[in-house]
Amino acid sequence: MPLAKILFSALVALLLTIPSDVVDSQPAAVQFTDITAPAGISFKHIWSPEKKYIVESMSGGVALFDYDNDGYLDIFFVNSLTVELAKSNKKTKSALYHNNGDGTFADVTDKAGVGDVGWGMGCAVGDYNNDGFDDLYVTSVGPDHLFKNNGNGTFADVTMKAGVSDPRWSTGAAFLDYDNDGRLDLFVTNYVGFDINRLPTFGEGPTCQFKGVPVQCGPRGLPGAGDTLYHNNGNGTFTDVSKKAGVADSIGYYGLDVVGSDFDGDGLVDIFVANDSTPNYLYHNNGNGTFSEIGFDSGTAVNGNGSEQGCMGVTVGDYDHDGMLDLFVTNFDDEYNILYRNLGRNSFADASYDAGVAAVSLPYVGWGTKFFDYDNDGWLDLFVANGHAYPQRDRYSQRKLLHKNNRDGTFSEIATQFGSALMDERASRGTAFGDIDNDGDVDVVVNDLDGAPQLLRNDGGNTNNSILVRTVGVKSNRDGIGALVKVVSGSLVQLDEVRSGGSYISQNDLRQHFGLEKRTKIDLIQVRWPSGIVDNLTNLSVNKLLTIKEGKGLVEQKDFGGAAKPAGAAR
């Protein structure tokens with residue numbers, strides 16, 4: 001990197017340490033309101049204050065999904081353990097909250113049977129058996145858990161029967177249909193080899209120091225764990241095809257998260273793995289059950305300087321409206337968050353500094369993230385949840401970043417305009433995005449490592465128009481995961497894809513949200529299903545939830561609104 005750019009980055013990072021009360025913080029038209037307590041959410045993530053071991057710093061996934069098909073997004077929070085609790089054979093409880101449709105949530109964990117996940121890490125959602133009810137996969141230190149949705153408000157732990165009990169330290173997961181057979185397969189990233197009976201000594205050795213401060217050891221200096229791809233056999237069981245498919249990670253990089261996306265538009269889902277402190281993987285789908293690893297060839301293995309980074313969270317979106325899906329990855333402090341711009345033909349460029357998302361991120365440790373249109377103007381903005389891994393480090397608790405899309409390939413970081421909800425400094429981890437109150441704008445749920453989460457309601461995003469698209473597969477998998485959705489309204493053309501997993505070890509709403517600014521008509525919605533079937537819908541109204549069924553087109557539409565006002569504030 002040129003010296004001038006390095007000095008500029010350092011200056012920007014220094015300015016970011018100025019207290020928010022001396023920064024221009026004119027309020028934005030949209031606000032995020034923390035409604036956690038009035039919504040009835042009392043979950044608290046367990047934590048160890050000192051975090052002497054890396055395994056105590058990495059948990060905190062969260063999922064937004066409608067487990068009972070009542071039309072409202074429910075929330076699942078993953079909980080973990082500490083070394084002390086684990087050695088004492090004690091348990092903690094993850095939590096499932098049912099959305100009551102009136103701005104409040106009810107804890108239904110015990111009834112649903114999803115509380116005991118051991119040393120939980122992250123989660124992913126997908127209807128693996130195509131019965132119309134979304135199932136839940138939870139990654140853990142030790143055996144993972146596949147919870148089959150029984151369709152009556154309860155889940156059954158079918159992990160052993162299904163054959164997906166990865167015994168390693170698993171982190172990210174994503175359901176995807178890599179062979180387009182209409183059944184969801186499962187990819188799981190594993191982090192490091194960690195033995196609770198042979199713990200590394202805190203602060204001893206070069207990989208247990210950070211800028212001269214003794215800290216937890218790893219991931220460098222610890223063995224990698226490899227990754228797993230499970231093929232869905234269609235009978236409730238899965239087969240480990242990792243080695244056959246070429247995605248087993250025999251080198252042993254430190255995998256933290258995964259996202260499936262058709263980056264080159266050939267109708268086959270590719271797989272991107274965000275690796276911590278080691279090069280990332282981009283697996284190109286060969287269409288014959290195997291993948292070719294093209295991370296370095298594509299430009300996504302390292303940053304533009306050729307350096308590997310501490311990659312954690314990942315999101316995909318067409319931020320520049322060029323019809324190609326771009327990648328954004330969150331990183332450790334002094335290692336800028338990276339924006340990989342898709343150039344086509346499996347080639348990406350590091351556009352981070354040019355886009356204005358790099359320098360501002362240098363003081364932070366980024367985790368959950370997503371391209372999402374917070375103000376419904378038709379252009380994808382970018383959210384990053386932050387928090388350091390080391391409590392021994394200054395600025396352990398950190399604020400969030402919100403990058404507004406300037407519509408010219410650049411972003412402006414404007415979180416200071418959103419008040420305490422985004423500026424509140426926390427140790428944030430997993431983050432999920434979705435419209436919890438069906439009012440047409442995207443809300444945010446953040447699972448913090450140290451204590452209570454945040455449910456951030458979007459107030460004002462629906463001043464502009466939008467639509468929500470729910471996909472129902474027939475020949476393709478029931479959720480339509482992998483379906484490419486294009487929305488055309490006049491000169492505004494948007495593209496997105498139905499995905500499982502991503503952010504940081506979390507699950508976003510499977511429905512696709514498209515902001516439309518003040519446009520009042522949709523000229524075209526085109527859905528390209530994994531099966532190859534294409535549905536085209538024309539001349540549609542805005543501010544509706546649209547359900548599109550493969551081969552049938554529009555089968556249901558509902559107006560936004562009608563739900564009771566959320567708790568905590570008048571609308």
# chains A, B, ... in the order shown; residues from 1 in each chain; ligands from 1

$ residues_around --residues "segment 404-414 of chain A" --least-positions-apart "5" --cutoff "10 Å" --atoms "only C-alpha atoms" --output "number ranges by chain"
A: 24-28, 319-321, 341, 351-357, 360-361, 371-375, 377-383, 422

$ write_last_selection --atoms "N, CA, C and O atoms" --output "short mmCIF file (atom, residue, chain, number, x, y, z; two decimals), in the first residue's frame"
data_model
loop_
_atom_site.label_atom_id
_atom_site.label_comp_id
_atom_site.auth_asym_id
_atom_site.auth_seq_id
_atom_site.Cartn_x
_atom_site.Cartn_y
_atom_site.Cartn_z
N ASP A 24 -20.12 15.54 14.44
CA ASP A 24 -21.40 15.93 13.85
C ASP A 24 -22.33 14.73 13.86
O ASP A 24 -22.07 13.73 13.21
N SER A 25 -23.39 14.82 14.61
CA SER A 25 -24.28 13.68 14.76
C SER A 25 -25.73 14.09 14.52
O SER A 25 -26.61 13.85 15.34
N GLN A 26 -25.96 14.76 13.42
CA GLN A 26 -27.32 15.13 13.07
C GLN A 26 -28.16 13.88 12.93
O GLN A 26 -27.75 12.90 12.29
N PRO A 27 -29.34 13.84 13.52
CA PRO A 27 -30.16 12.63 13.48
C PRO A 27 -30.57 12.27 12.06
O PRO A 27 -30.84 13.13 11.23
N ALA A 28 -30.59 10.97 11.79
CA ALA A 28 -31.01 10.49 10.49
C ALA A 28 -32.52 10.36 10.44
O ALA A 28 -33.20 10.31 11.47
N TYR A 319 -23.95 -4.42 -4.50
CA TYR A 319 -24.02 -3.06 -3.94
C TYR A 319 -23.93 -1.98 -5.01
O TYR A 319 -24.36 -0.85 -4.80
N ASP A 320 -23.37 -2.31 -6.18
CA ASP A 320 -23.16 -1.30 -7.22
C ASP A 320 -24.08 -1.47 -8.42
O ASP A 320 -23.92 -0.78 -9.44
N HIS A 321 -25.07 -2.35 -8.33
CA HIS A 321 -26.09 -2.53 -9.37
C HIS A 321 -25.49 -2.86 -10.74
O HIS A 321 -25.99 -2.42 -11.77
N ARG A 341 -15.10 -6.63 -4.94
CA ARG A 341 -16.02 -6.29 -6.02
C ARG A 341 -15.92 -7.35 -7.11
O ARG A 341 -14.84 -7.69 -7.59
N ALA A 351 -11.88 -3.55 -3.40
CA ALA A 351 -12.36 -2.18 -3.60
C ALA A 351 -12.55 -1.46 -2.27
O ALA A 351 -13.20 -0.42 -2.21
N SER A 352 -11.97 -1.98 -1.19
CA SER A 352 -12.27 -1.51 0.16
C SER A 352 -11.95 -0.04 0.38
O SER A 352 -12.78 0.73 0.88
N TYR A 353 -10.74 0.37 0.02
CA TYR A 353 -10.36 1.77 0.23
C TYR A 353 -11.09 2.69 -0.73
O TYR A 353 -11.56 3.77 -0.33
N ASP A 354 -11.22 2.29 -1.96
CA ASP A 354 -11.93 3.13 -2.93
C ASP A 354 -13.39 3.31 -2.53
O ASP A 354 -13.98 4.38 -2.76
N ALA A 355 -13.98 2.28 -1.92
CA ALA A 355 -15.39 2.36 -1.53
C ALA A 355 -15.60 3.06 -0.20
O ALA A 355 -16.73 3.36 0.17
N GLY A 356 -14.53 3.30 0.55
CA GLY A 356 -14.65 4.02 1.81
C GLY A 356 -15.03 3.17 3.01
O GLY A 356 -15.51 3.71 4.02
N VAL A 357 -14.82 1.85 2.94
CA VAL A 357 -15.19 0.99 4.06
C VAL A 357 -13.98 0.43 4.80
O VAL A 357 -14.14 -0.29 5.80
N VAL A 360 -12.06 3.31 8.05
CA VAL A 360 -12.92 3.49 9.22
C VAL A 360 -12.99 2.24 10.08
O VAL A 360 -13.28 2.30 11.27
N SER A 361 -12.68 1.08 9.50
CA SER A 361 -12.83 -0.18 10.22
C SER A 361 -11.58 -0.58 11.00
O SER A 361 -11.63 -1.51 11.81
N PHE A 371 -25.13 -6.76 3.80
CA PHE A 371 -25.65 -5.79 2.84
C PHE A 371 -27.16 -5.75 3.03
O PHE A 371 -27.84 -6.76 2.87
N PHE A 372 -27.72 -4.59 3.37
CA PHE A 372 -29.17 -4.47 3.49
C PHE A 372 -29.56 -3.01 3.27
O PHE A 372 -28.77 -2.10 3.49
N ASP A 373 -30.77 -2.81 2.83
CA ASP A 373 -31.25 -1.47 2.47
C ASP A 373 -32.06 -0.92 3.63
O ASP A 373 -33.27 -1.08 3.70
N TYR A 374 -31.37 -0.23 4.57
CA TYR A 374 -32.04 0.18 5.80
C TYR A 374 -33.08 1.26 5.58
O TYR A 374 -34.04 1.39 6.36
N ASP A 375 -32.92 2.08 4.52
CA ASP A 375 -33.85 3.19 4.28
C ASP A 375 -34.72 3.01 3.04
O ASP A 375 -35.40 3.94 2.61
N ASP A 377 -34.15 2.85 -0.09
CA ASP A 377 -33.92 3.72 -1.25
C ASP A 377 -33.50 2.95 -2.49
O ASP A 377 -33.23 3.53 -3.54
N GLY A 378 -33.45 1.61 -2.38
CA GLY A 378 -33.12 0.78 -3.53
C GLY A 378 -31.64 0.49 -3.68
O GLY A 378 -31.24 -0.15 -4.65
N TRP A 379 -30.82 0.93 -2.71
CA TRP A 379 -29.37 0.71 -2.76
C TRP A 379 -28.93 0.05 -1.45
O TRP A 379 -29.29 0.50 -0.37
N LEU A 380 -28.12 -1.00 -1.57
CA LEU A 380 -27.71 -1.78 -0.41
C LEU A 380 -26.71 -1.02 0.44
O LEU A 380 -25.65 -0.60 -0.03
N ASP A 381 -27.05 -0.85 1.71
CA ASP A 381 -26.15 -0.29 2.69
C ASP A 381 -25.44 -1.46 3.40
O ASP A 381 -25.63 -2.62 3.04
N LEU A 382 -24.66 -1.15 4.42
CA LEU A 382 -23.79 -2.17 5.01
C LEU A 382 -23.68 -1.96 6.51
O LEU A 382 -23.38 -0.86 6.98
N PHE A 383 -23.93 -3.02 7.27
CA PHE A 383 -23.92 -2.98 8.73
C PHE A 383 -22.82 -3.90 9.24
O PHE A 383 -22.61 -4.99 8.71
N LEU A 422 -26.88 2.33 18.15
CA LEU A 422 -25.72 1.88 17.39
C LEU A 422 -24.41 2.30 18.04
O LEU A 422 -23.37 1.67 17.81
#

$ select_by_dssp --residues "segment 333-501 of chain A" --states "strand (DSSP E or B)" --output "ChimeraX atom specification"
/A:338-342,348-350,366-372,381-386,398,401-405,411-413,426,428-434,443-448,451,454-459,465-472,484-489,492-497,501

$ residues_around --residues "Ile294 of chain A" --least-positions-apart "2" --cutoff "7 Å" --atoms "only C-alpha atoms" --output "PyMOL selection string"
chain A and resi 282-284+292+296-298

$ write_last_selection --atoms "all heavy atoms" --output "compact mmCIF listing (two decimals), in the first residue's frame"
# COMPACT_ATOMS: atom_id res chain seq x y z
N LEU A 282 -12.42 -19.97 -1.95
CA LEU A 282 -13.58 -19.85 -2.83
C LEU A 282 -13.63 -21.13 -3.66
O LEU A 282 -12.74 -21.39 -4.48
CB LEU A 282 -13.49 -18.63 -3.74
CG LEU A 282 -14.66 -18.47 -4.72
CD1 LEU A 282 -16.00 -18.41 -4.00
CD2 LEU A 282 -14.48 -17.24 -5.60
N TYR A 283 -14.66 -21.92 -3.41
CA TYR A 283 -14.83 -23.18 -4.12
C TYR A 283 -15.78 -22.98 -5.29
O TYR A 283 -16.97 -22.70 -5.10
CB TYR A 283 -15.40 -24.25 -3.18
CG TYR A 283 -14.48 -24.67 -2.05
CD1 TYR A 283 -14.78 -24.32 -0.74
CD2 TYR A 283 -13.34 -25.41 -2.30
CE1 TYR A 283 -13.96 -24.71 0.31
CE2 TYR A 283 -12.50 -25.81 -1.27
CZ TYR A 283 -12.81 -25.45 0.04
OH TYR A 283 -11.99 -25.84 1.07
N HIS A 284 -15.26 -23.14 -6.50
CA HIS A 284 -16.09 -23.04 -7.70
C HIS A 284 -16.73 -24.40 -7.98
O HIS A 284 -16.06 -25.44 -8.02
CB HIS A 284 -15.25 -22.62 -8.91
CG HIS A 284 -16.03 -22.59 -10.19
ND1 HIS A 284 -15.93 -23.57 -11.16
CD2 HIS A 284 -16.97 -21.72 -10.62
CE1 HIS A 284 -16.75 -23.28 -12.16
NE2 HIS A 284 -17.39 -22.17 -11.85
N SER A 292 -13.59 -26.77 -7.39
CA SER A 292 -12.20 -26.35 -7.57
C SER A 292 -11.95 -25.13 -6.69
O SER A 292 -12.72 -24.17 -6.73
CB SER A 292 -11.92 -26.00 -9.04
OG SER A 292 -12.09 -27.11 -9.87
N PHE A 296 -7.09 -17.86 -4.53
CA PHE A 296 -6.03 -16.97 -5.01
C PHE A 296 -6.27 -16.53 -6.44
O PHE A 296 -6.07 -15.36 -6.79
CB PHE A 296 -4.67 -17.66 -4.87
CG PHE A 296 -4.09 -17.59 -3.49
CD1 PHE A 296 -4.16 -18.68 -2.64
CD2 PHE A 296 -3.49 -16.42 -3.04
CE1 PHE A 296 -3.63 -18.62 -1.36
CE2 PHE A 296 -2.96 -16.34 -1.75
CZ PHE A 296 -3.03 -17.44 -0.91
N ASP A 297 -6.72 -17.45 -7.29
CA ASP A 297 -6.98 -17.09 -8.69
C ASP A 297 -8.07 -16.04 -8.81
O ASP A 297 -8.03 -15.18 -9.69
CB ASP A 297 -7.38 -18.35 -9.48
CG ASP A 297 -6.22 -19.32 -9.68
OD1 ASP A 297 -5.07 -18.89 -9.53
OD2 ASP A 297 -6.48 -20.50 -9.96
N SER A 298 -9.06 -16.10 -7.91
CA SER A 298 -10.19 -15.17 -7.99
C SER A 298 -9.91 -13.84 -7.32
O SER A 298 -10.62 -12.86 -7.55
CB SER A 298 -11.42 -15.80 -7.35
OG SER A 298 -11.24 -15.97 -5.95

$ closest_atom_pairs --of "segment 99-123 of chain A" --to "segment 129-145 of chain A" --cutoff "7 Å" --atoms "only C-alpha atoms" --output "JSON lines"
{"residue": "A:Val117", "atom": "CA", "partner": "A:His145", "partner_atom": "CA", "distance": 6.6}
{"residue": "A:Gly118", "atom": "CA", "partner": "A:Ser140", "partner_atom": "CA", "distance": 6.8}
{"residue": "A:Trp119", "atom": "CA", "partner": "A:Val141", "partner_atom": "CA", "distance": 5.3}
{"residue": "A:Gly120", "atom": "CA", "partner": "A:Ser140", "partner_atom": "CA", "distance": 4.3}
{"residue": "A:Met121", "atom": "CA", "partner": "A:Ser140", "partner_atom": "CA", "distance": 5.0}
{"residue": "A:Gly122", "atom": "CA", "partner": "A:Thr139", "partner_atom": "CA", "distance": 5.1}
{"residue": "A:Cys123", "atom": "CA", "partner": "A:Val138", "partner_atom": "CA", "distance": 4.3}

$ select_by_dssp --residues "segment 355-401 of chain A" --states "helix (DSSP H, G or I)" --output "MDAnalysis selection string"
chainID A and resid 355 359:361

$ write_last_selection --atoms "all heavy atoms" --output "PDB file, in the first residue's frame"
ATOM      1  N   ALA A 355     -13.981   2.283  -1.917  1.00  0.00           N
ATOM      2  CA  ALA A 355     -15.388   2.357  -1.534  1.00  0.00           C
ATOM      3  C   ALA A 355     -15.598   3.058  -0.198  1.00  0.00           C
ATOM      4  O   ALA A 355     -16.733   3.363   0.171  1.00  0.00           O
ATOM      5  CB  ALA A 355     -15.991   0.953  -1.477  1.00  0.00           C
ATOM      6  N   ALA A 359     -10.644   2.218   5.882  1.00  0.00           N
ATOM      7  CA  ALA A 359      -9.961   3.000   6.915  1.00  0.00           C
ATOM      8  C   ALA A 359     -10.776   3.108   8.191  1.00  0.00           C
ATOM      9  O   ALA A 359     -10.242   2.997   9.303  1.00  0.00           O
ATOM     10  CB  ALA A 359      -9.632   4.388   6.378  1.00  0.00           C
ATOM     11  N   VAL A 360     -12.062   3.314   8.051  1.00  0.00           N
ATOM     12  CA  VAL A 360     -12.924   3.489   9.216  1.00  0.00           C
ATOM     13  C   VAL A 360     -12.988   2.237  10.079  1.00  0.00           C
ATOM     14  O   VAL A 360     -13.277   2.301  11.273  1.00  0.00           O
ATOM     15  CB  VAL A 360     -14.338   3.911   8.757  1.00  0.00           C
ATOM     16  CG1 VAL A 360     -15.047   2.765   8.058  1.00  0.00           C
ATOM     17  CG2 VAL A 360     -15.155   4.432   9.911  1.00  0.00           C
ATOM     18  N   SER A 361     -12.684   1.081   9.498  1.00  0.00           N
ATOM     19  CA  SER A 361     -12.829  -0.178  10.225  1.00  0.00           C
ATOM     20  C   SER A 361     -11.575  -0.576  11.000  1.00  0.00           C
ATOM     21  O   SER A 361     -11.628  -1.508  11.812  1.00  0.00           O
ATOM     22  CB  SER A 361     -13.180  -1.307   9.241  1.00  0.00           C
ATOM     23  OG  SER A 361     -12.066  -1.643   8.422  1.00  0.00           O
TER      24      SER A 361
END

$ closest_residue --among "A:Leu81, A:Ala421, A:Leu256, A:Leu146" --to "Ser506 of chain A" --atoms "only C-alpha atoms"
A:Leu256

$ closest_residue --among "A:Gly60, A:Pro363, A:Pro453, A:Pro279" --to "Gly306 of chain A" --atoms "only C-alpha atoms"
A:Pro279

$ residues_around --residues "Phe291 of chain A" --least-positions-apart "2" --cutoff "9 Å" --atoms "only C-alpha atoms" --output "number ranges by chain"
A: 245-247, 270-271, 283-289, 293

$ residues_around --residues "Arg478 of chain A" --least-positions-apart "4" --cutoff "12 Å" --atoms "only C-alpha atoms" --output "PyMOL selection string"
chain A and resi 126-135+176-177+181-184+470-474+482-483+498+510+529-531+548-550

$ residues_around --residues "Val259 of chain A" --least-positions-apart "3" --cutoff "7 Å" --atoms "only C-alpha atoms" --output "ChimeraX atom specification"
/A:174,271-273,501-502

$ residues_around --residues "Asp185 of chain A" --least-positions-apart "6" --cutoff "8 Å" --atoms "only C-alpha atoms" --output "PDB file with N, CA, C and O atoms, in the first residue's frame"
ATOM      1  N   TYR A 128     -34.645 -29.043   5.331  1.00  0.00           N
ATOM      2  CA  TYR A 128     -33.840 -30.089   4.700  1.00  0.00           C
ATOM      3  C   TYR A 128     -34.672 -31.265   4.195  1.00  0.00           C
ATOM      4  O   TYR A 128     -34.245 -32.007   3.305  1.00  0.00           O
ATOM      5  N   PHE A 175     -27.040 -24.223   4.752  1.00  0.00           N
ATOM      6  CA  PHE A 175     -27.735 -25.162   3.888  1.00  0.00           C
ATOM      7  C   PHE A 175     -27.654 -24.654   2.457  1.00  0.00           C
ATOM      8  O   PHE A 175     -27.852 -23.461   2.194  1.00  0.00           O
ATOM      9  N   LEU A 176     -27.379 -25.537   1.513  1.00  0.00           N
ATOM     10  CA  LEU A 176     -27.305 -25.186   0.086  1.00  0.00           C
ATOM     11  C   LEU A 176     -27.482 -26.450  -0.740  1.00  0.00           C
ATOM     12  O   LEU A 176     -27.206 -27.552  -0.271  1.00  0.00           O
ATOM     13  N   ASP A 177     -27.945 -26.285  -1.961  1.00  0.00           N
ATOM     14  CA  ASP A 177     -28.173 -27.436  -2.837  1.00  0.00           C
ATOM     15  C   ASP A 177     -27.095 -27.412  -3.918  1.00  0.00           C
ATOM     16  O   ASP A 177     -27.294 -26.859  -4.995  1.00  0.00           O
ATOM     17  N   TYR A 178     -25.954 -28.042  -3.621  1.00  0.00           N
ATOM     18  CA  TYR A 178     -24.799 -27.918  -4.526  1.00  0.00           C
ATOM     19  C   TYR A 178     -24.959 -28.723  -5.810  1.00  0.00           C
ATOM     20  O   TYR A 178     -24.313 -28.426  -6.818  1.00  0.00           O
ATOM     21  N   LEU A 229     -18.705 -31.126   4.151  1.00  0.00           N
ATOM     22  CA  LEU A 229     -19.863 -31.007   3.267  1.00  0.00           C
ATOM     23  C   LEU A 229     -20.672 -32.289   3.379  1.00  0.00           C
ATOM     24  O   LEU A 229     -20.160 -33.383   3.129  1.00  0.00           O
ATOM     25  N   TYR A 230     -21.930 -32.138   3.779  1.00  0.00           N
ATOM     26  CA  TYR A 230     -22.839 -33.277   3.903  1.00  0.00           C
ATOM     27  C   TYR A 230     -23.814 -33.275   2.733  1.00  0.00           C
ATOM     28  O   TYR A 230     -24.513 -32.288   2.498  1.00  0.00           O
ATOM     29  N   HIS A 231     -23.900 -34.397   2.030  1.00  0.00           N
ATOM     30  CA  HIS A 231     -24.864 -34.547   0.938  1.00  0.00           C
ATOM     31  C   HIS A 231     -26.164 -35.119   1.486  1.00  0.00           C
ATOM     32  O   HIS A 231     -26.172 -36.106   2.233  1.00  0.00           O
ATOM     33  N   ASN A 232     -27.272 -34.491   1.122  1.00  0.00           N
ATOM     34  CA  ASN A 232     -28.599 -34.918   1.552  1.00  0.00           C
ATOM     35  C   ASN A 232     -29.039 -36.131   0.733  1.00  0.00           C
ATOM     36  O   ASN A 232     -29.159 -36.053  -0.499  1.00  0.00           O
ATOM     37  N   PHE A 238     -27.708 -37.884   5.857  1.00  0.00           N
ATOM     38  CA  PHE A 238     -26.699 -37.187   5.064  1.00  0.00           C
ATOM     39  C   PHE A 238     -25.435 -38.037   4.974  1.00  0.00           C
ATOM     40  O   PHE A 238     -25.169 -38.864   5.863  1.00  0.00           O
TER      41      PHE A 238
END

$ closest_residue --among "A:Asn235, A:Ser165, A:Ser476, A:Asn197" --to "Arg528 of chain A" --atoms "only C-alpha atoms"
A:Ser476

$ atom_distance --atom1 "atom CA of Ala156 of chain A" --atom2 "atom CA of Asp107 of chain A"
17.8 Å

$ closest_residue --among "A:Asn69, A:Asn465, A:Asn275, A:Gln309" --to "Phe560 of chain A" --atoms "only C-alpha atoms"
A:Asn465

$ closest_residue --among "A:Asn386, A:Gln216, A:Asn536, A:Ser420" --to "Tyr53 of chain A" --atoms "only C-alpha atoms"
A:Gln216
